[in-house]
Amino acid sequence: MRIVIGEGSCGIAAGALKVHSAIDAFANSDIQIGITGCIGMCFLEPIVDIYEENELKARLVKVKESDAQNIVNAVKENNLSLVDYLKISDEDNSFLTQQTRIALRNCGIADPENIESYKEKGGYEALKKVLTSMTPEEVIEEIKTSGLAGRGGAGFPTWFKWNAARQSDGDEKYLICNADEGDPGAFMDRAVIESDPHNLIEGMLIAAYAIGAKYAYVYVRAEYPLAIVRLGKAIEDATKENLLGENILGTSFSCTLRIKAGAGAFVCGEETALIESLEGKRGMPRLKPPFPAQKGYENKPSNINNVETFANVPWIILNSGKAFASMGTETSKGTKVFALTGKIRRGGLVEIPMGLTLRDVIFNIGGGIRNNKKFKAVQLGGPSGGCIPEALLDTVIDYKALSATGAIMGSGGMVVMDEDTCMVNMARFFLDFTTKESCGKCVHCRIGTKRLFEILTRITDGKGKEGDIELLEELCDSVKSGALCGLGQTAPNPVLTTIKYFRNEYEAHINEGRCPAGECAALRKYVIDETKCRGCTLCAKKCPVNAISGSVKQAHKIDTNKCIKCGLCKSNCKFDAIEVK
Amino acid sequence: MNEKINITINGKAITADKGETILNIASANGIEIPNLCYLKHLSPYGACGMCVVEAKGSPKLLRACSAVAADGMEIETNSERAVKTRKAALELLMSDHDGDCKGPCTLNCPAHTDCQGYLAKIAENDMEGAVKIIKEKVPLPAAIGRVCPHPCETACRRTHVEEALSIAALKAFAADEVRKSGKSVLPEIKKNSGKSVGIIGGGPAGLSAAYYLAENGHKVTVYDKMPKMGGMLRYGIPEYRLPKAILDCEIEEIKSLGVDFRNNVMIGKDITLEEIRNSHDAVLIANGAWKSTAIRCKGEDLEGVFGGIDFLREVALGNKPEIGEKTAIVGGGNTAMDACRTAKRLGANEVSVIYRRTRNEMPAEDIEIEEATEEGVIFRFLTNPDEIIGENGKVKAVRLQVMELGEPDEKGRRSPVPVDGEFITLELDSIIIAAGQRNDSFGFEEMPVTKKGTIIADEKSFATSLDGVFAAGDCVNNGASIAIEAIAKANNAAKAINAYLNGVEVSFREPVLSEREVTKEMFEGKEKQSRVKMPTRPADERSKDFGEVNLGLTREEAINEAKRCLSCGCHDYGNCKLIKYADDYCVDCKKYAGENHPAFTETKLQVIERNQNKCILCSLCVRECEDTAKKGILGLVGRGFDTVIKPEFRDSEVIKDCVSCRKCVDACPTGSLRFIQK
């Protein structure tokens with residue numbers, strides 16, 4: 001039997017390395033111990049799998065160092081009942097069983113640091129097939145059949161971009177992988193690179209062959225150190241096996257692959273800003289046209305795709321474009337990976353066929369809202385996306401259907417919010433992000449997002465003015481139509497969708513000085529329920545500004561003018577007598 | 001031969017070279033598309049978002065600077081969406097633009113006289129140049145320089161350092177110098193338009209309008225009921241403040257433009273409005289406010305009771321009103337000061353000013369109050385006439401109610417309240433009521449008037465209810481104000497009339513301008529230089545005659561005083577593309593008011609001053625330095641809202657790298673960069 005420890009960033013953060021050393025300490029040399037990447041069940045990390053040959057015998061979750069001896073003993077004694085208490089529940093396991101995994105097919109299964117492990121799963125077979133039996137045009141045709149669209153957010157047909165780059169004049173062409181995943185709450189690409197780097201390399205090689213690129217770059221954010229290390233090793237191993245470099249697999253196709261670590265600017269996820277950064281310049285978007293397919297990196301024809309897009313390519317080549325296109329809806333084919341986060345019971349990576357509803361993902365796969373709270377909204381597409389309210393939860397996951405709500409498919413961030421989330425504050429959070437991440441080049445984004453943020457801030461501070469909602473809407477419209485790149489053009493989406501679906505919350509802040517979710521501190525009002533208060537005086541003693549008065553054994557009162565809304569009274573009250581209004 | 005394409009821009013069919021951008025095609029065909037970050041010899045950049053245009057069928061706006069026109073394209077440059085987007089860009093830029101287009105002096109002057117401009121000329125000892133600038137707004141500079149209560153000085157930022165500049169006195173100085181040298185600064189008269197304008201009233205408003213209408217080639221006739229032109233400047237301002245010989249010269253200059261003056265003509269008596277209308281293509285009513293306001297006090301009809309302006313007019317006409325030994329003037333404004341000092345000069349022994357508030361609340365100018373005090377005028381504050389007591393139908397005394405200050409009103413001015421039962425009686429031979437002016441609609445019966453009796457005219461177009469009849473100055477709407485206000489209105493009315501005569505209608509609005517909010521702290525460290533003091537004749541000497549009180553400044557004093565100007569207004573206002581567009585699009589500069597850019601001024605580049613407060617980050621300077629000058633000294637630093645343009649990476653080497661080629665300065669669309677003389 002073999003012990004495999006999940007060591008993606010999420011597992012490591014949860015303590016996987018400590019578990020690994022503890023297991024090492026107990027095991028002797030005849031027990032095989034391996035690693036794998038992220039299976040996508042962040043809520044259960046650290047995860048340890050026990051395999052017999054290639055068969056998964058047990059999946060152990062929330063493993064602690066103290067469980068190491070039991071795990072080793074269970075394997076040694078071939079008695080898995082010793083670790084029954086760690087086994088994943090059927091309910092939790094349904095998080096995985098309800099998924100269809102293509103891009104993530106090897107994640108949490110293969111060893112990301114071992115090329116053989118990838119090959120065992122059929123790795124590099126697609127590349128061989130392409131190099132030995134397909135013309136570049138045939139490859140593009142196959143991708144066209146698959147209906148694969150860019151998974152970075154915009155959803156542009158992949159074959160079209162490949163074809164444009166292929167058709168562009170010039171014998172020096174570049175292929176670039178955009179791994180500058182920057183949306184708050186999104187970690188799909190990180191998981192693919194950390195868990196299955198060869199899949200990305202293979203997908204890129206096929207694309208390079210299709211467009212005729214000899215040079216390929218992976219632009220990955222420096223905040224993903226583990227991904228960079230594992231991808232580096234994968235490139236090294238692939239090069240050794242002549243899967244990269246000159247005359248790959250003995251054919252006339254040559255391609256080198258290099259990693260470029262981005263310095264952490266969100267806007268560098270925008271393709272033209274990424275190219276500028278790749279060239280060593282300040283990361284600011286260029287005007288389009290010309291598009292990268294005509295003039296990209298070093299003004300040469302270039303094609304840029306996102307990690308997840310490439311991760312689907314080997315599967316499509318091996319299983320046919322038709323098979324891929326058989327999944328999904330009329331306009332959106334195949335599967336999509338989402339990073340499910342927020343107030344969700346089971347958060348992690350979810351890959352599902354297009355066409356499922358948001359409700360399927362959030363309630364069936366994600367298990368609904370944590371702590372029995374009520375669902376309020378889900379934010380799709382990060383700062384560029386929008387929120388979708390409960391009434392639209394049956395919207396199917398499809399580029400068109402999601403856009404119709406005002407949100408976007410996006411790169412896959414899916415942040416779930418419950419009743420305690422203030423939607424104005426949520427919009428403010430995203431605008432804070434875009435304001436800071438704006439490159440500063442164009443007026444509408446540089447100043448417009450700042451002003452949107454300021455107006456939202458005054459609303460959450462209880463200083464909103466009549467007409468602010470209309471002012472926000474007007475400015476949002478202008479920023480959308482005036483900003484230079486996608487970052488600015490989509491930055492107003494969180495504001496527009498929250499106004500569209502939660503206008504009443506904006507109005508409550510402005511007109512009534514009330515935050516319905518009780519999240520905005522400036523609008524919170526602490527009140528003592530006189531029927532519950534026993535006059536223990538504890539709250540008055542704890543209050544840092546002496547805002548609470550009352551005699552012993554008499555109901556106390558809070559002077560709302562003095563109250564600084566720190567919440568100390570509430571957290572100290574033993575009788576649950578303090579309410580927030 | 002280049003391949004051709006056919007497109008339409010704003011419905012106009014255009015054939016153009018394939019591969020050209022929309023912006024270039026439009027500009028070659030005389031269609032202007034606004035832009036702030038584009039120069040033809042540099043690659044399109046796309047920052048300002050001003051050149052956005054609509055292309056039929058395209059879901060997004062296109063940036064005309066970079067979008068290459070395709071055959072069959074239908075472009076709309078001013079679609080609603082494009083205009084809104086542009087306007088938002090401008091409003092956002094203005095929300096982060098911390099500069100003064102014009103100095104506060106100019107803005108606070110009702111006529112928006114370019115004070116900074118003429119002060120600079122005076123500082124350069126170019127008096128003719130100064131008068132030329134003044135006369136763009138004020139055709140009577142020597143007179144106005146003497147009588148104006150100078151709102152310009154009230155706004156002067158030099159007060160944050162020590163004291164305001166003596167702007168009005170400098171204006172008078174420049175005009176006096178030119179006059180004394182025997183020269184006249186006169187405008188170039190445009191070609192005869194063949195149209196004629198009748199102006200009713202030859203005061204500051206009527207004369208100013210006459211000046212500007214004559215300049216535009218119209219035949220102007222001024223009708224005035226008084227024997228000489230000048231209106232209140234002549235009949236309301238005493239000789240000791242404005243010698244009439246000086247006023248005569250300035251009026252003579254206006255006459256020399258071909259203006260026909262007709263005095264002793266009273267509307268409704270000597271001629272009717274209808275007759276004037278019939279003999280001119282347009283008429284301007286600017287007949288002022290010539291009636292003294294009554295205070296509704298018992299005894300006001302007694303002999304020996306004079307209205308303030310009536311009294312001053314009589315004196316100006318050369319008559320000697322019988323005021324006796326003891327007189328009192330009721331009121332605290334400039335007319336009251338003129339009256340009391342005139343009374344003194346007429347020989348009255350005891351001249352009192354009766355004012356119901358205290359000195360602090362007096363609307364008269366401080367200098368007037370000071371000089372009156374020096375001349376022996378007695379101020380009786382916190383008193384108010386209760387009854388003018390007569391004997392044989394003649395004034396004998398006045399009973400004064402003693403007042404105290406009560407609660408402040410909404411303007412913060414404390415209102416006077418009577419102290420119950422406390423009265424003072426003052427023996428008098430006469431009393432002059434200087435409590436304000438009002439209008440007389442005699443002769444204008446066919447025109448609708450306000451409750452105050454003023455003629456109703458549109459505030460923006462100056463049009464009245466009668467076609468071709470305009471009205472401006474003290475006789476309109478809100479009634480009497482200061483001379484420069486009447487001049488300001490008359491200037492705009494002249495423009496409106498000029499437009500009317502050319503068959504177009506105009507509506508005036510204030511131009512869109514950027515204004516800074518300043519604090520005293522911003523001026524810390526400025527070298528202090530006290531305000532020049534106007535020398536005057538000694539009080540006991542001057543109070544005996546009507547000779548001018550002020551002795552005037554020396555040339556050296558004037559030049560030094562002018563050099564105190566802080567030059568608050570932007571050096572580049574006339575060339576600034578940003579403010580031009582902001583005005584074109586009528587933007588609201590405060591719409592998106594919020595935090596401002598991290599701002600600084602530096603002169604590291606030796607000959608170029610960079611004022612970050614006015615930078616719009618168009619990056620033209622960066623690109624000129626990099627692409628044209630091949631120096632690459634400037635770059636963008638920081639991210640998001642805090643992005644600034646600075647010498648990039650190598651601060652210390654900047655000085656030796658800059659070759660002072662000025663390309664950055666010339667490319668800057670705002671006043672952010674300027675060449676400094678060393």
# chains A, B, ... in the order shown; residues from 1 in each chain; ligands from 1
>>> interface_residues(of="chain B", to="chain A", cutoff="9 Å", atoms="only C-alpha atoms", output="number ranges by chain")
B: 44-50, 52, 60-61, 63, 66-68, 81-82, 84-90, 92-93, 95-96, 591-595, 616-619, 636, 638-644
>>> write_last_selection(atoms="N, CA and C atoms", output="compact mmCIF listing (two decimals), in the first residue's frame")
# COMPACT_ATOMS: atom_id res chain seq x y z
N PRO B 44 -0.22 56.34 -30.89
CA PRO B 44 -1.42 56.51 -30.08
C PRO B 44 -1.23 55.84 -28.72
N TYR B 45 -1.85 56.42 -27.71
CA TYR B 45 -1.59 55.99 -26.34
C TYR B 45 -2.87 55.54 -25.63
N GLY B 46 -3.95 56.31 -25.87
CA GLY B 46 -5.25 55.85 -25.38
C GLY B 46 -5.58 56.14 -23.93
N ALA B 47 -4.91 57.10 -23.31
CA ALA B 47 -5.13 57.33 -21.89
C ALA B 47 -6.34 58.21 -21.58
N CYS B 48 -6.54 59.26 -22.40
CA CYS B 48 -7.50 60.29 -21.97
C CYS B 48 -8.96 59.90 -22.17
N GLY B 49 -9.22 59.03 -23.11
CA GLY B 49 -10.60 58.61 -23.33
C GLY B 49 -11.47 59.71 -23.93
N MET B 50 -10.84 60.74 -24.49
CA MET B 50 -11.60 61.85 -25.06
C MET B 50 -11.99 61.61 -26.51
N VAL B 52 -13.10 59.08 -27.97
CA VAL B 52 -14.03 57.98 -28.23
C VAL B 52 -15.12 58.39 -29.23
N LYS B 60 -18.83 48.56 -28.49
CA LYS B 60 -18.00 49.44 -27.67
C LYS B 60 -17.67 50.71 -28.44
N LEU B 61 -17.36 51.77 -27.68
CA LEU B 61 -16.86 52.98 -28.32
C LEU B 61 -15.45 52.70 -28.83
N ARG B 63 -11.63 54.17 -29.78
CA ARG B 63 -10.71 55.29 -29.57
C ARG B 63 -10.19 55.71 -30.95
N SER B 66 -6.52 55.51 -32.29
CA SER B 66 -5.83 54.28 -32.68
C SER B 66 -6.66 53.40 -33.61
N ALA B 67 -7.98 53.57 -33.58
CA ALA B 67 -8.81 52.67 -34.38
C ALA B 67 -8.64 53.00 -35.86
N VAL B 68 -8.26 52.00 -36.61
CA VAL B 68 -8.08 52.17 -38.05
C VAL B 68 -9.45 52.03 -38.72
N ARG B 81 -23.62 58.65 -26.22
CA ARG B 81 -22.71 57.87 -25.37
C ARG B 81 -21.30 58.45 -25.41
N ALA B 82 -20.85 58.84 -26.61
CA ALA B 82 -19.49 59.38 -26.73
C ALA B 82 -19.37 60.69 -25.94
N LYS B 84 -21.20 61.69 -23.40
CA LYS B 84 -21.27 61.42 -21.96
C LYS B 84 -19.94 60.88 -21.43
N THR B 85 -19.35 60.01 -22.22
CA THR B 85 -18.09 59.40 -21.80
C THR B 85 -16.98 60.45 -21.73
N ARG B 86 -16.96 61.33 -22.73
CA ARG B 86 -15.98 62.42 -22.75
C ARG B 86 -16.18 63.36 -21.57
N LYS B 87 -17.45 63.69 -21.35
CA LYS B 87 -17.77 64.61 -20.27
C LYS B 87 -17.33 64.02 -18.93
N ALA B 88 -17.56 62.72 -18.77
CA ALA B 88 -17.14 62.06 -17.53
C ALA B 88 -15.63 62.13 -17.39
N ALA B 89 -14.91 61.91 -18.50
CA ALA B 89 -13.44 61.98 -18.44
C ALA B 89 -13.02 63.36 -17.94
N LEU B 90 -13.66 64.38 -18.47
CA LEU B 90 -13.30 65.75 -18.08
C LEU B 90 -13.68 66.02 -16.63
N LEU B 92 -13.90 63.85 -14.28
CA LEU B 92 -12.97 63.11 -13.43
C LEU B 92 -11.62 63.83 -13.38
N LEU B 93 -11.16 64.29 -14.52
CA LEU B 93 -9.88 65.02 -14.53
C LEU B 93 -9.96 66.29 -13.68
N SER B 95 -11.85 66.81 -11.21
CA SER B 95 -11.97 66.49 -9.78
C SER B 95 -10.60 66.29 -9.15
N ASP B 96 -9.62 66.09 -9.99
CA ASP B 96 -8.26 65.83 -9.48
C ASP B 96 -7.30 66.89 -10.03
N LYS B 591 -18.41 67.77 -9.48
CA LYS B 591 -19.32 66.62 -9.48
C LYS B 591 -18.73 65.41 -8.77
N TYR B 592 -17.47 65.11 -9.05
CA TYR B 592 -16.86 63.93 -8.45
C TYR B 592 -15.79 64.32 -7.44
N ALA B 593 -15.99 65.45 -6.78
CA ALA B 593 -14.99 65.94 -5.83
C ALA B 593 -14.60 64.83 -4.86
N GLY B 594 -13.33 64.72 -4.62
CA GLY B 594 -12.82 63.71 -3.69
C GLY B 594 -11.36 64.00 -3.41
N GLU B 595 -10.67 62.94 -2.99
CA GLU B 595 -9.26 63.11 -2.68
C GLU B 595 -8.50 63.57 -3.92
N ILE B 616 -2.32 65.71 -15.91
CA ILE B 616 -3.45 64.81 -16.19
C ILE B 616 -2.95 63.44 -16.64
N LEU B 617 -1.67 63.20 -16.49
CA LEU B 617 -1.05 61.92 -16.82
C LEU B 617 -1.30 61.47 -18.27
N CYS B 618 -1.31 62.42 -19.17
CA CYS B 618 -1.46 62.07 -20.58
C CYS B 618 -0.19 61.41 -21.09
N SER B 619 0.91 61.63 -20.35
CA SER B 619 2.21 61.04 -20.69
C SER B 619 2.83 61.58 -21.97
N LEU B 636 6.42 56.98 -15.50
CA LEU B 636 5.27 56.88 -14.59
C LEU B 636 5.71 56.11 -13.36
N GLY B 638 4.49 54.69 -9.44
CA GLY B 638 3.35 54.38 -8.58
C GLY B 638 2.23 53.75 -9.38
N ARG B 639 1.17 53.36 -8.67
CA ARG B 639 0.08 52.69 -9.37
C ARG B 639 -1.24 53.35 -9.03
N GLY B 640 -2.23 53.02 -9.85
CA GLY B 640 -3.59 53.46 -9.58
C GLY B 640 -3.70 54.97 -9.49
N PHE B 641 -4.54 55.41 -8.58
CA PHE B 641 -4.81 56.83 -8.42
C PHE B 641 -3.54 57.60 -8.04
N ASP B 642 -2.62 56.92 -7.38
CA ASP B 642 -1.41 57.61 -6.90
C ASP B 642 -0.30 57.69 -7.95
N THR B 643 -0.59 57.26 -9.16
CA THR B 643 0.43 57.32 -10.21
C THR B 643 0.83 58.77 -10.47
N VAL B 644 2.12 59.01 -10.58
CA VAL B 644 2.60 60.35 -10.92
C VAL B 644 3.68 60.24 -11.99
>>> residues_around(residues="B:Thr106", least_positions_apart="2", cutoff="12 Å", atoms="only C-alpha atoms", output="ChimeraX atom specification")
/B:100-104,108-119,134,137,150-157,167,513,515,567-570
>>> select_by_dssp(residues="stretch 86-235 of chain B", states="alpha helix (DSSP H)", output="MDAnalysis selection string")
chainID B and resid 86:95 104:108 115:123 127:135 141:147 151:155 167:180 204:215 232:235
>>> residues_around(residues="A:Pro292", least_positions_apart="5", cutoff="9 Å", atoms="only C-alpha atoms", output="list in words")
Ala165, Glu271, Thr272, Ile275, Tyr297, Asn299, Lys300, Pro301, Ser302, Asn303 and Ile304 of chain A
>>> atom_distance(atom1="atom CA of A:Ile5", atom2="atom CA of A:Ile102")
21.7 Å
